[in-house]
>>> print(open('start.csv').read())   # CSV, C-alpha atoms
chain,number,residue,atom,x,y,z
A,46,MET,CA,-80.8,28.2,259.9
A,47,LYS,CA,-83.8,28.1,257.6
A,48,ALA,CA,-87.1,26.6,258.7
A,49,ALA,CA,-87.9,23.6,256.4
A,50,THR,CA,-91.7,24.3,256.4
A,51,VAL,CA,-91.4,27.7,254.8
A,52,SER,CA,-91.4,27.9,251.0
A,53,THR,CA,-88.4,29.7,249.6
A,54,TYR,CA,-90.5,31.1,246.8
A,55,ARG,CA,-92.1,34.2,248.3
A,56,GLY,CA,-93.5,35.9,245.2
A,57,GLY,CA,-90.4,37.5,243.7
A,58,MET,CA,-88.1,40.4,244.6
A,59,TRP,CA,-89.9,43.0,242.4
A,60,SER,CA,-93.4,42.3,243.8
A,61,TRP,CA,-91.9,42.5,247.3
A,62,LEU,CA,-90.3,45.9,246.5
A,63,PHE,CA,-93.3,47.3,244.8
A,64,GLN,CA,-95.6,46.1,247.6
A,65,ARG,CA,-93.4,48.3,250.0
A,66,ILE,CA,-93.3,51.3,247.6
A,67,THR,CA,-97.1,51.2,247.1
A,68,ALA,CA,-97.6,50.8,250.8
A,69,VAL,CA,-95.7,54.1,251.5
A,70,LEU,CA,-97.6,55.9,248.7
A,71,LEU,CA,-100.9,54.5,250.1
A,72,ILE,CA,-100.2,55.6,253.7
A,73,VAL,CA,-99.5,59.2,252.5
A,74,CYS,CA,-102.3,59.5,249.9
A,75,LEU,CA,-104.9,57.6,251.9
A,76,ALA,CA,-104.3,59.9,254.9
A,77,ILE,CA,-105.1,62.9,252.6
A,78,HIS,CA,-108.1,61.0,251.0
A,79,LEU,CA,-109.6,60.1,254.4
A,80,ILE,CA,-109.1,63.5,255.9
A,81,PHE,CA,-110.9,65.2,253.0
A,82,THR,CA,-113.7,62.6,252.7
A,83,HIS,CA,-114.3,61.3,256.2
A,84,ILE,CA,-113.5,64.3,258.3
A,85,LEU,CA,-113.9,67.5,256.2
A,86,SER,CA,-116.8,66.4,254.0
A,87,ILE,CA,-118.7,63.9,256.1
A,88,GLY,CA,-122.4,63.9,255.1
A,89,GLU,CA,-121.7,66.2,252.2
A,90,LEU,CA,-120.3,63.7,249.7
A,91,ASP,CA,-122.0,63.8,246.3
A,92,TYR,CA,-121.1,64.3,242.7
A,93,ILE,CA,-120.7,68.1,243.0
A,94,ASN,CA,-118.6,67.9,246.2
A,95,ILE,CA,-116.3,65.2,244.8
A,96,GLY,CA,-116.0,67.1,241.5
A,97,ASP,CA,-115.1,70.4,243.3
A,98,ARG,CA,-112.2,68.6,244.9
A,99,LEU,CA,-111.1,66.9,241.7
A,100,ALA,CA,-110.9,70.4,240.1
A,101,HIS,CA,-107.6,70.8,242.0
A,102,ALA,CA,-104.9,69.0,240.0
A,103,GLY,CA,-103.0,67.9,243.2
A,104,LEU,CA,-106.1,66.0,244.4
A,105,THR,CA,-106.7,64.5,241.0
A,106,ALA,CA,-103.0,63.3,241.2
A,107,VAL,CA,-103.7,61.8,244.7
A,108,ASP,CA,-106.7,59.9,243.3
A,109,ILE,CA,-104.7,58.6,240.4
A,110,ILE,CA,-101.9,57.4,242.7
A,111,LEU,CA,-104.5,55.8,245.0
A,112,LEU,CA,-106.1,54.0,242.1
A,113,ALA,CA,-102.9,52.6,240.7
A,114,ALA,CA,-101.1,51.9,244.0
A,115,GLY,CA,-104.3,50.6,245.6
A,116,ILE,CA,-105.0,48.2,242.8
A,117,TYR,CA,-101.4,46.9,242.7
A,118,HIS,CA,-101.1,46.6,246.5
A,119,ALA,CA,-104.5,44.9,246.9
A,120,LEU,CA,-104.1,42.4,244.1
A,121,ASN,CA,-100.5,41.6,244.9
A,122,GLY,CA,-101.5,41.1,248.6
A,123,LEU,CA,-104.4,38.8,247.4
A,124,ARG,CA,-101.8,37.0,245.3
A,125,MET,CA,-99.5,36.5,248.3
A,126,VAL,CA,-102.4,35.1,250.3
A,127,LEU,CA,-103.7,32.8,247.6
A,128,MET,CA,-100.2,31.4,246.9
A,129,ASP,CA,-100.2,30.1,250.5
A,130,TYR,CA,-103.2,27.9,249.7
A,131,TRP,CA,-104.0,26.6,246.3
A,132,PHE,CA,-101.6,28.5,244.0
A,133,THR,CA,-98.6,26.9,245.5
A,134,SER,CA,-96.6,25.7,242.5
A,135,ARG,CA,-94.8,28.1,240.2
A,136,LYS,CA,-97.1,27.2,237.3
A,137,ARG,CA,-100.3,27.8,239.3
A,138,ALA,CA,-98.8,31.0,240.7
A,139,LEU,CA,-98.0,32.2,237.2
A,140,THR,CA,-101.6,31.6,236.1
A,141,LEU,CA,-102.8,33.5,239.1
A,142,THR,CA,-100.5,36.4,238.4
A,143,ILE,CA,-101.7,36.7,234.8
A,144,GLY,CA,-105.3,36.5,235.9
A,145,LEU,CA,-104.8,39.2,238.6
A,146,TRP,CA,-103.1,41.5,236.1
A,147,VAL,CA,-106.1,41.2,233.7
A,148,VAL,CA,-108.4,42.1,236.6
A,149,GLY,CA,-106.2,44.9,237.8
A,150,LEU,CA,-105.8,46.5,234.4
A,151,ALA,CA,-109.6,46.3,233.9
A,152,PHE,CA,-110.2,48.1,237.2
A,153,MET,CA,-107.5,50.6,236.3
A,154,GLY,CA,-109.2,51.3,232.9
A,155,TYR,CA,-112.6,51.6,234.6
A,156,GLY,CA,-111.3,54.0,237.3
A,157,THR,CA,-109.4,56.1,234.8
A,158,TRP,CA,-112.5,56.4,232.6
A,159,ALA,CA,-114.4,57.6,235.6
A,160,LEU,CA,-111.7,60.2,236.4
A,161,TRP,CA,-111.2,61.2,232.8
A,162,PRO,CA,-113.3,64.5,232.8
A,163,TRP,CA,-110.8,65.8,235.4
A,164,ILE,CA,-107.7,64.3,234.0
A,165,SER,CA,-108.3,65.8,230.5
B,194,MET,CA,-80.3,27.4,269.5
B,195,SER,CA,-80.9,29.4,272.6
B,196,GLY,CA,-83.9,31.6,273.2
B,197,LYS,CA,-83.0,35.0,271.8
B,198,PRO,CA,-81.4,34.0,268.4
B,199,ARG,CA,-84.2,31.5,267.7
B,200,GLU,CA,-86.9,34.1,268.3
B,201,THR,CA,-85.1,36.5,265.9
B,202,ALA,CA,-84.7,33.7,263.3
B,203,ASN,CA,-88.4,33.0,263.5
B,204,VAL,CA,-89.4,36.6,262.9
B,205,GLY,CA,-87.6,36.4,259.5
B,206,ALA,CA,-89.3,33.2,258.6
B,207,GLY,CA,-92.8,34.6,259.4
B,208,LEU,CA,-93.2,32.0,262.2
B,209,TRP,CA,-93.7,34.6,265.0
B,210,LYS,CA,-95.2,33.5,268.2
B,211,ALA,CA,-98.1,34.9,270.3
B,212,THR,CA,-98.3,38.6,269.5
B,213,GLY,CA,-96.7,38.2,266.1
B,214,MET,CA,-99.1,35.5,265.0
B,215,TRP,CA,-102.2,37.5,265.9
B,216,ALA,CA,-100.7,40.5,264.2
B,217,TRP,CA,-100.1,38.5,261.1
B,218,LEU,CA,-103.6,37.0,261.1
B,219,LEU,CA,-105.4,40.3,261.6
B,220,PHE,CA,-103.1,41.8,259.0
B,221,ARG,CA,-104.3,39.2,256.5
B,222,ILE,CA,-108.0,39.5,257.4
B,223,SER,CA,-107.9,43.3,257.3
B,224,GLY,CA,-106.1,43.1,254.0
B,225,LEU,CA,-108.7,40.8,252.4
B,226,VAL,CA,-111.5,43.0,253.7
B,227,LEU,CA,-109.8,46.0,252.1
B,228,VAL,CA,-109.2,44.2,248.7
B,229,PHE,CA,-113.0,43.6,248.4
B,230,TYR,CA,-113.8,47.1,249.7
B,231,LEU,CA,-111.5,48.6,247.1
B,232,GLY,CA,-113.2,46.7,244.3
B,233,ALA,CA,-116.6,47.8,245.5
B,234,HIS,CA,-115.4,51.4,246.1
B,235,ILE,CA,-114.0,51.8,242.5
B,236,ILE,CA,-117.2,50.3,241.0
B,237,ILE,CA,-119.5,52.5,243.0
B,238,ILE,CA,-117.6,55.8,242.8
B,239,SER,CA,-117.2,55.3,239.0
B,240,THR,CA,-121.0,55.3,238.6
B,241,GLY,CA,-120.5,59.1,238.9
B,242,GLN,CA,-120.2,58.9,235.1
B,243,PHE,CA,-123.7,57.4,234.7
B,244,GLY,CA,-126.8,59.6,234.4
B,245,ALA,CA,-126.9,63.3,234.3
B,246,ASP,CA,-124.7,65.2,236.9
B,247,GLY,CA,-123.8,62.0,238.8
B,248,GLU,CA,-127.4,60.9,239.4
B,249,ALA,CA,-126.5,57.3,240.1
B,250,LEU,CA,-123.6,58.2,242.4
B,251,ASN,CA,-125.8,60.7,244.4
B,252,GLY,CA,-128.2,57.9,245.1
B,253,PHE,CA,-125.4,55.8,246.6
B,254,MET,CA,-124.1,58.7,248.6
B,255,LYS,CA,-127.5,59.4,250.2
B,256,THR,CA,-127.5,55.7,251.4
B,257,PHE,CA,-124.0,56.1,252.9
B,258,ASP,CA,-125.1,59.0,255.1
B,259,HIS,CA,-127.4,56.6,257.0
B,260,PRO,CA,-126.1,56.1,260.6
B,261,VAL,CA,-125.6,52.3,260.1
B,262,ALA,CA,-123.5,53.0,257.0
B,263,VAL,CA,-121.5,55.6,258.9
B,264,LEU,CA,-120.8,53.0,261.6
B,265,LEU,CA,-119.7,50.5,259.0
B,266,ASP,CA,-117.4,53.2,257.5
B,267,LEU,CA,-115.9,53.5,261.0
B,268,ALA,CA,-115.3,49.7,261.1
B,269,LEU,CA,-113.5,50.2,257.7
B,270,VAL,CA,-111.4,52.9,259.2
B,271,VAL,CA,-110.2,50.4,261.9
B,272,ALA,CA,-109.2,48.0,259.1
B,273,VAL,CA,-107.3,50.7,257.2
B,274,LEU,CA,-105.6,52.0,260.4
B,275,TYR,CA,-104.6,48.6,261.6
B,276,HIS,CA,-103.3,47.4,258.2
B,277,ALA,CA,-101.4,50.7,257.7
B,278,LEU,CA,-99.7,50.8,261.2
B,279,ASN,CA,-98.9,47.1,261.3
B,280,GLY,CA,-97.6,47.6,257.8
B,281,VAL,CA,-95.3,50.3,259.0
B,282,ARG,CA,-94.0,47.9,261.7
B,283,ILE,CA,-93.3,45.3,259.0
B,284,ILE,CA,-91.4,47.8,256.8
B,285,LEU,CA,-89.4,48.8,259.9
B,286,MET,CA,-88.5,45.1,260.4
B,287,ASP,CA,-87.5,44.8,256.8
B,288,PHE,CA,-84.9,47.5,257.5
B,289,GLY,CA,-83.9,45.5,260.6
B,290,VAL,CA,-85.4,48.1,263.0
B,291,GLY,CA,-86.9,46.6,266.2
B,292,VAL,CA,-86.5,43.0,265.3
B,293,GLN,CA,-85.6,42.4,269.0
B,294,ARG,CA,-88.3,44.7,270.2
B,295,HIS,CA,-91.1,43.8,267.8
B,296,LYS,CA,-93.7,43.6,270.6
B,297,ILE,CA,-93.1,47.1,272.0
B,298,ILE,CA,-93.2,48.4,268.4
B,299,PHE,CA,-96.4,46.5,267.7
B,300,TRP,CA,-98.1,48.0,270.8
B,301,SER,CA,-96.8,51.5,270.0
B,302,ALA,CA,-98.3,51.1,266.5
B,303,MET,CA,-101.6,50.0,268.1
B,304,ALA,CA,-101.6,53.1,270.3
B,305,VAL,CA,-101.4,55.2,267.1
B,306,VAL,CA,-104.3,53.2,265.7
B,307,VAL,CA,-106.4,54.0,268.8
B,308,ILE,CA,-105.5,57.8,268.7
B,309,CYS,CA,-106.3,58.1,265.0
B,310,PHE,CA,-109.5,56.0,265.4
B,311,ALA,CA,-110.6,58.3,268.2
B,312,ILE,CA,-110.5,61.3,265.9
B,313,PHE,CA,-112.5,59.5,263.2
B,314,ALA,CA,-115.0,58.2,265.7
B,315,TRP,CA,-115.5,61.7,267.2
B,316,VAL,CA,-116.3,63.1,263.8
B,317,ALA,CA,-118.6,60.2,262.8
B,318,LEU,CA,-120.5,60.2,266.1
B,319,THR,CA,-120.9,64.0,266.0
B,320,TYR,CA,-122.3,63.5,262.5
B,321,ILE,CA,-124.7,60.8,263.6
B,322,VAL,CA,-126.0,62.8,266.6
B,323,THR,CA,-126.1,66.3,265.1
B,324,GLY,CA,-126.4,65.6,261.3
B,325,GLU,CA,-123.4,67.9,260.8
B,326,GLY,CA,-119.6,67.5,260.5
B,327,VAL,CA,-117.3,69.0,263.1
B,328,THR,CA,-115.9,71.5,260.6
B,329,SER,CA,-119.2,72.6,259.0
>>> encode(input="start.csv", output="structure tokens")
Amino acid sequence: MKAATVSTYRGGMWSWLFQRITAVLLIVCLAIHLIFTHILSIGELDYINIGDRLAHAGLTAVDIILLAAGIYHALNGLRMVLMDYWFTSRKRALTLTIGLWVVGLAFMGYGTWALWPWIS
Amino acid sequence: MSGKPRETANVGAGLWKATGMWAWLLFRISGLVLVFYLGAHIIIISTGQFGADGEALNGFMKTFDHPVAVLLDLALVVAVLYHALNGVRIILMDFGVGVQRHKIIFWSAMAVVVICFAIFAWVALTYIVTGEGVTS
């Protein structure tokens, strides 16, 4: 039996699936990220310290995964919250989705630019 | 519908009662906090590309070594740990694990939050008191 008060449109299957995939990636990569920054390098974080870590390809990869998965997970999560309030119709939800993709890609571009010296 | 099946049905619809409702509300609040933190984090860390040898970034990093900033960081760790562990519980429920026992799973997840937080708090408080990390 389905409760009548709950909308049947819940954001789409793919966004649901990607939210779970990025969640798992974030748990693993964020654990690595927090152990390095908040436990091993507490009080020592600066440009040199961060740069030394990014010199290891594996940790650059972790940062790129964090950037992409973090932005997707954060903005899709925000989308799910906002769709419960004002962006309730399909049309409004679509506008919201497009707007958030623009914001997300801008952040992705900015973050990639910042990491570029270690990526290239 | 009798008690048990109805409770199970409501879990699927997101209309959990008591523990589940608070778990959902805190999940949403911590999520929103983390969205805004992530935006600020990307903007601030990326300033490493401004000025010679990360001058702009080093200025920010000095500020974040202040005890008040370290305590705020610790609050952020709570948001991350809660969101992560409650998220694990939600993924388990997606796979149908623990739907009947969601309360015990929730409190087990919270126990993991407390244990992980204790480690971060120990490191942060050691840093505030001695000015050094536990590994340095």
>>> atom_distance(input="start.csv", atom1="atom CA of B:Gly280", atom2="atom CA of A:Leu70")
12.3 Å
>>> residues_around(input="start.csv", residues="stretch 291-296 of chain B", least_positions_apart="3", cutoff="7 Å", atoms="all atoms listed in the file", output="short mmCIF file (atom, residue, chain, number, x, y, z; two decimals) with C-alpha atoms, keeping the file's coordinate frame")
data_model
loop_
_atom_site.label_atom_id
_atom_site.label_comp_id
_atom_site.auth_asym_id
_atom_site.auth_seq_id
_atom_site.Cartn_x
_atom_site.Cartn_y
_atom_site.Cartn_z
CA THR B 201 -85.10 36.50 265.90
CA THR B 212 -98.30 38.60 269.50
CA MET B 286 -88.50 45.10 260.40
CA PHE B 299 -96.40 46.50 267.70
CA TRP B 300 -98.10 48.00 270.80
#
>>> closest_atom_pairs(input="start.csv", of="stretch 60-88 of chain A", to="stretch 236-256 of chain B", cutoff="12 Å", atoms="all atoms listed in the file", output="Markdown table")
| residue | atom | partner | partner_atom | distance |
| --- | --- | --- | --- | --- |
| A:Thr82 | CA | B:Met254 | CA | 11.8 |
| A:Ser86 | CA | B:Met254 | CA | 11.9 |
| A:Ile87 | CA | B:Met254 | CA | 10.6 |
| A:Gly88 | CA | B:Lys255 | CA | 8.4 |
>>> closest_residue(input="start.csv", among="B:Tyr275, B:Phe229, B:Trp215, B:Phe220", to="B:Ala302", atoms="all atoms listed in the file")
B:Tyr275
>>> residues_near_point(input="start.csv", point="(-102.0, 58.3, 244.6)", cutoff="10 Å", atoms="only C-alpha atoms", output="list of chain:residue names")
A:Thr67, A:Leu70, A:Leu71, A:Ile72, A:Val73, A:Cys74, A:Leu75, A:Ile77, A:His78, A:Gly103, A:Leu104, A:Thr105, A:Ala106, A:Val107, A:Asp108, A:Ile109, A:Ile110, A:Leu111, A:Leu112, A:Ala113, A:Ala114, A:Gly115
>>> write_last_selection(input="start.csv", atoms="C-alpha atoms", output="short mmCIF file (atom, residue, chain, number, x, y, z; two decimals), in the frame of the given file")
data_model
loop_
_atom_site.label_atom_id
_atom_site.label_comp_id
_atom_site.auth_asym_id
_atom_site.auth_seq_id
_atom_site.Cartn_x
_atom_site.Cartn_y
_atom_site.Cartn_z
CA THR A 67 -97.10 51.20 247.10
CA LEU A 70 -97.60 55.90 248.70
CA LEU A 71 -100.90 54.50 250.10
CA ILE A 72 -100.20 55.60 253.70
CA VAL A 73 -99.50 59.20 252.50
CA CYS A 74 -102.30 59.50 249.90
CA LEU A 75 -104.90 57.60 251.90
CA ILE A 77 -105.10 62.90 252.60
CA HIS A 78 -108.10 61.00 251.00
CA GLY A 103 -103.00 67.90 243.20
CA LEU A 104 -106.10 66.00 244.40
CA THR A 105 -106.70 64.50 241.00
CA ALA A 106 -103.00 63.30 241.20
CA VAL A 107 -103.70 61.80 244.70
CA ASP A 108 -106.70 59.90 243.30
CA ILE A 109 -104.70 58.60 240.40
CA ILE A 110 -101.90 57.40 242.70
CA LEU A 111 -104.50 55.80 245.00
CA LEU A 112 -106.10 54.00 242.10
CA ALA A 113 -102.90 52.60 240.70
CA ALA A 114 -101.10 51.90 244.00
CA GLY A 115 -104.30 50.60 245.60
#
>>> interface_residues(input="start.csv", of="chain A", to="chain B", cutoff="10 Å", atoms="all atoms listed in the file", output="number ranges by chain")
A: 46-53, 65, 68-69, 71-72, 75-76, 79-80, 83-93, 95-96, 112, 115-116, 118-123, 125-126, 149, 152-153, 155-162
>>> atom_distance(input="start.csv", atom1="atom CA of A:Met128", atom2="atom CA of B:Ala272")
22.5 Å
>>> atom_distance(input="start.csv", atom1="atom CA of B:Ala311", atom2="atom CA of B:Ile222")
21.8 Å
>>> residues_near_point(input="start.csv", point="(-113.6, 68.3, 235.7)", cutoff="8 Å", atoms="only C-alpha atoms", output="VMD selection string")
chain A and resid 96 99 to 100 162 to 165
>>> closest_residue(input="start.csv", among="A:Lys136, A:Trp131, A:Gly144, A:Tyr117", to="A:Leu62", atoms="all atoms listed in the file")
A:Tyr117
>>> decode(input="start.csv", residues="stretch 254-289 of chain B", atoms="N, CA and C atoms", output="PDB file, in the first residue's frame")
ATOM      1  N   MET B 254      45.249  29.396   5.944  1.00  0.00           N
ATOM      2  CA  MET B 254      45.641  28.249   6.767  1.00  0.00           C
ATOM      3  C   MET B 254      46.107  28.675   8.162  1.00  0.00           C
ATOM      4  N   LYS B 255      46.778  29.831   8.247  1.00  0.00           N
ATOM      5  CA  LYS B 255      47.177  30.369   9.560  1.00  0.00           C
ATOM      6  C   LYS B 255      45.945  30.598  10.425  1.00  0.00           C
ATOM      7  N   THR B 256      44.914  31.214   9.810  1.00  0.00           N
ATOM      8  CA  THR B 256      43.670  31.498  10.533  1.00  0.00           C
ATOM      9  C   THR B 256      43.039  30.212  11.048  1.00  0.00           C
ATOM     10  N   PHE B 257      43.097  29.148  10.236  1.00  0.00           N
ATOM     11  CA  PHE B 257      42.430  27.889  10.601  1.00  0.00           C
ATOM     12  C   PHE B 257      43.175  27.125  11.705  1.00  0.00           C
ATOM     13  N   ASP B 258      44.395  27.567  12.052  1.00  0.00           N
ATOM     14  CA  ASP B 258      45.121  26.933  13.157  1.00  0.00           C
ATOM     15  C   ASP B 258      44.684  27.489  14.517  1.00  0.00           C
ATOM     16  N   HIS B 259      43.878  28.569  14.496  1.00  0.00           N
ATOM     17  CA  HIS B 259      43.386  29.160  15.740  1.00  0.00           C
ATOM     18  C   HIS B 259      42.470  28.162  16.460  1.00  0.00           C
ATOM     19  N   PRO B 260      42.577  28.081  17.816  1.00  0.00           N
ATOM     20  CA  PRO B 260      41.766  27.116  18.579  1.00  0.00           C
ATOM     21  C   PRO B 260      40.275  27.141  18.234  1.00  0.00           C
ATOM     22  N   VAL B 261      39.697  28.334  18.040  1.00  0.00           N
ATOM     23  CA  VAL B 261      38.267  28.416  17.717  1.00  0.00           C
ATOM     24  C   VAL B 261      37.989  27.722  16.379  1.00  0.00           C
ATOM     25  N   ALA B 262      38.875  27.948  15.398  1.00  0.00           N
ATOM     26  CA  ALA B 262      38.719  27.321  14.087  1.00  0.00           C
ATOM     27  C   ALA B 262      38.870  25.807  14.196  1.00  0.00           C
ATOM     28  N   VAL B 263      39.790  25.348  15.064  1.00  0.00           N
ATOM     29  CA  VAL B 263      40.001  23.895  15.249  1.00  0.00           C
ATOM     30  C   VAL B 263      38.740  23.268  15.848  1.00  0.00           C
ATOM     31  N   LEU B 264      38.099  23.983  16.800  1.00  0.00           N
ATOM     32  CA  LEU B 264      36.860  23.471  17.397  1.00  0.00           C
ATOM     33  C   LEU B 264      35.726  23.444  16.369  1.00  0.00           C
ATOM     34  N   LEU B 265      35.663  24.472  15.518  1.00  0.00           N
ATOM     35  CA  LEU B 265      34.641  24.486  14.459  1.00  0.00           C
ATOM     36  C   LEU B 265      34.870  23.329  13.485  1.00  0.00           C
ATOM     37  N   ASP B 266      36.140  23.056  13.221  1.00  0.00           N
ATOM     38  CA  ASP B 266      36.511  21.923  12.374  1.00  0.00           C
ATOM     39  C   ASP B 266      35.983  20.616  12.964  1.00  0.00           C
ATOM     40  N   LEU B 267      36.090  20.542  14.297  1.00  0.00           N
ATOM     41  CA  LEU B 267      35.644  19.344  15.007  1.00  0.00           C
ATOM     42  C   LEU B 267      34.123  19.184  14.869  1.00  0.00           C
ATOM     43  N   ALA B 268      33.416  20.320  14.904  1.00  0.00           N
ATOM     44  CA  ALA B 268      31.960  20.289  14.700  1.00  0.00           C
ATOM     45  C   ALA B 268      31.651  19.779  13.295  1.00  0.00           C
ATOM     46  N   LEU B 269      32.489  20.184  12.349  1.00  0.00           N
ATOM     47  CA  LEU B 269      32.316  19.736  10.967  1.00  0.00           C
ATOM     48  C   LEU B 269      32.533  18.222  10.865  1.00  0.00           C
ATOM     49  N   VAL B 270      33.521  17.720  11.626  1.00  0.00           N
ATOM     50  CA  VAL B 270      33.791  16.274  11.648  1.00  0.00           C
ATOM     51  C   VAL B 270      32.550  15.517  12.134  1.00  0.00           C
ATOM     52  N   VAL B 271      31.848  16.081  13.128  1.00  0.00           N
ATOM     53  CA  VAL B 271      30.613  15.464  13.623  1.00  0.00           C
ATOM     54  C   VAL B 271      29.592  15.382  12.490  1.00  0.00           C
ATOM     55  N   ALA B 272      29.430  16.482  11.737  1.00  0.00           N
ATOM     56  CA  ALA B 272      28.477  16.503  10.614  1.00  0.00           C
ATOM     57  C   ALA B 272      28.845  15.449   9.572  1.00  0.00           C
ATOM     58  N   VAL B 273      30.142  15.364   9.254  1.00  0.00           N
ATOM     59  CA  VAL B 273      30.610  14.389   8.253  1.00  0.00           C
ATOM     60  C   VAL B 273      30.355  12.963   8.745  1.00  0.00           C
ATOM     61  N   LEU B 274      30.757  12.674   9.996  1.00  0.00           N
ATOM     62  CA  LEU B 274      30.618  11.313  10.530  1.00  0.00           C
ATOM     63  C   LEU B 274      29.158  10.908  10.624  1.00  0.00           C
ATOM     64  N   TYR B 275      28.307  11.827  11.120  1.00  0.00           N
ATOM     65  CA  TYR B 275      26.884  11.496  11.227  1.00  0.00           C
ATOM     66  C   TYR B 275      26.301  11.210   9.844  1.00  0.00           C
ATOM     67  N   HIS B 276      26.593  12.114   8.894  1.00  0.00           N
ATOM     68  CA  HIS B 276      26.036  11.968   7.552  1.00  0.00           C
ATOM     69  C   HIS B 276      26.530  10.670   6.897  1.00  0.00           C
ATOM     70  N   ALA B 277      27.815  10.371   7.088  1.00  0.00           N
ATOM     71  CA  ALA B 277      28.402   9.161   6.502  1.00  0.00           C
ATOM     72  C   ALA B 277      27.771   7.897   7.092  1.00  0.00           C
ATOM     73  N   LEU B 278      27.720   7.818   8.429  1.00  0.00           N
ATOM     74  CA  LEU B 278      27.239   6.591   9.067  1.00  0.00           C
ATOM     75  C   LEU B 278      25.731   6.394   8.908  1.00  0.00           C
ATOM     76  N   ASN B 279      24.965   7.497   8.979  1.00  0.00           N
ATOM     77  CA  ASN B 279      23.527   7.350   8.730  1.00  0.00           C
ATOM     78  C   ASN B 279      23.309   6.984   7.267  1.00  0.00           C
ATOM     79  N   GLY B 280      24.194   7.483   6.397  1.00  0.00           N
ATOM     80  CA  GLY B 280      24.131   7.134   4.972  1.00  0.00           C
ATOM     81  C   GLY B 280      24.365   5.650   4.753  1.00  0.00           C
ATOM     82  N   VAL B 281      25.319   5.085   5.503  1.00  0.00           N
ATOM     83  CA  VAL B 281      25.577   3.638   5.415  1.00  0.00           C
ATOM     84  C   VAL B 281      24.307   2.875   5.794  1.00  0.00           C
ATOM     85  N   ARG B 282      23.642   3.336   6.844  1.00  0.00           N
ATOM     86  CA  ARG B 282      22.405   2.691   7.289  1.00  0.00           C
ATOM     87  C   ARG B 282      21.338   2.753   6.189  1.00  0.00           C
ATOM     88  N   ILE B 283      21.256   3.910   5.504  1.00  0.00           N
ATOM     89  CA  ILE B 283      20.255   4.062   4.436  1.00  0.00           C
ATOM     90  C   ILE B 283      20.568   3.121   3.261  1.00  0.00           C
ATOM     91  N   ILE B 284      21.857   3.015   2.904  1.00  0.00           N
ATOM     92  CA  ILE B 284      22.234   2.107   1.816  1.00  0.00           C
ATOM     93  C   ILE B 284      21.922   0.656   2.207  1.00  0.00           C
ATOM     94  N   LEU B 285      22.198   0.307   3.474  1.00  0.00           N
ATOM     95  CA  LEU B 285      21.860  -1.045   3.951  1.00  0.00           C
ATOM     96  C   LEU B 285      20.361  -1.296   3.796  1.00  0.00           C
ATOM     97  N   MET B 286      19.558  -0.290   4.124  1.00  0.00           N
ATOM     98  CA  MET B 286      18.099  -0.448   4.013  1.00  0.00           C
ATOM     99  C   MET B 286      17.673  -0.572   2.555  1.00  0.00           C
ATOM    100  N   ASP B 287      18.401   0.128   1.648  1.00  0.00           N
ATOM    101  CA  ASP B 287      18.111  -0.008   0.210  1.00  0.00           C
ATOM    102  C   ASP B 287      18.288  -1.453  -0.243  1.00  0.00           C
ATOM    103  N   PHE B 288      19.253  -2.137   0.382  1.00  0.00           N
ATOM    104  CA  PHE B 288      19.480  -3.541   0.059  1.00  0.00           C
ATOM    105  C   PHE B 288      18.572  -4.460   0.880  1.00  0.00           C
ATOM    106  N   GLY B 289      17.707  -3.855   1.675  1.00  0.00           N
ATOM    107  CA  GLY B 289      16.770  -4.636   2.476  1.00  0.00           C
ATOM    108  C   GLY B 289      17.363  -5.171   3.767  1.00  0.00           C
TER     109      GLY B 289
END
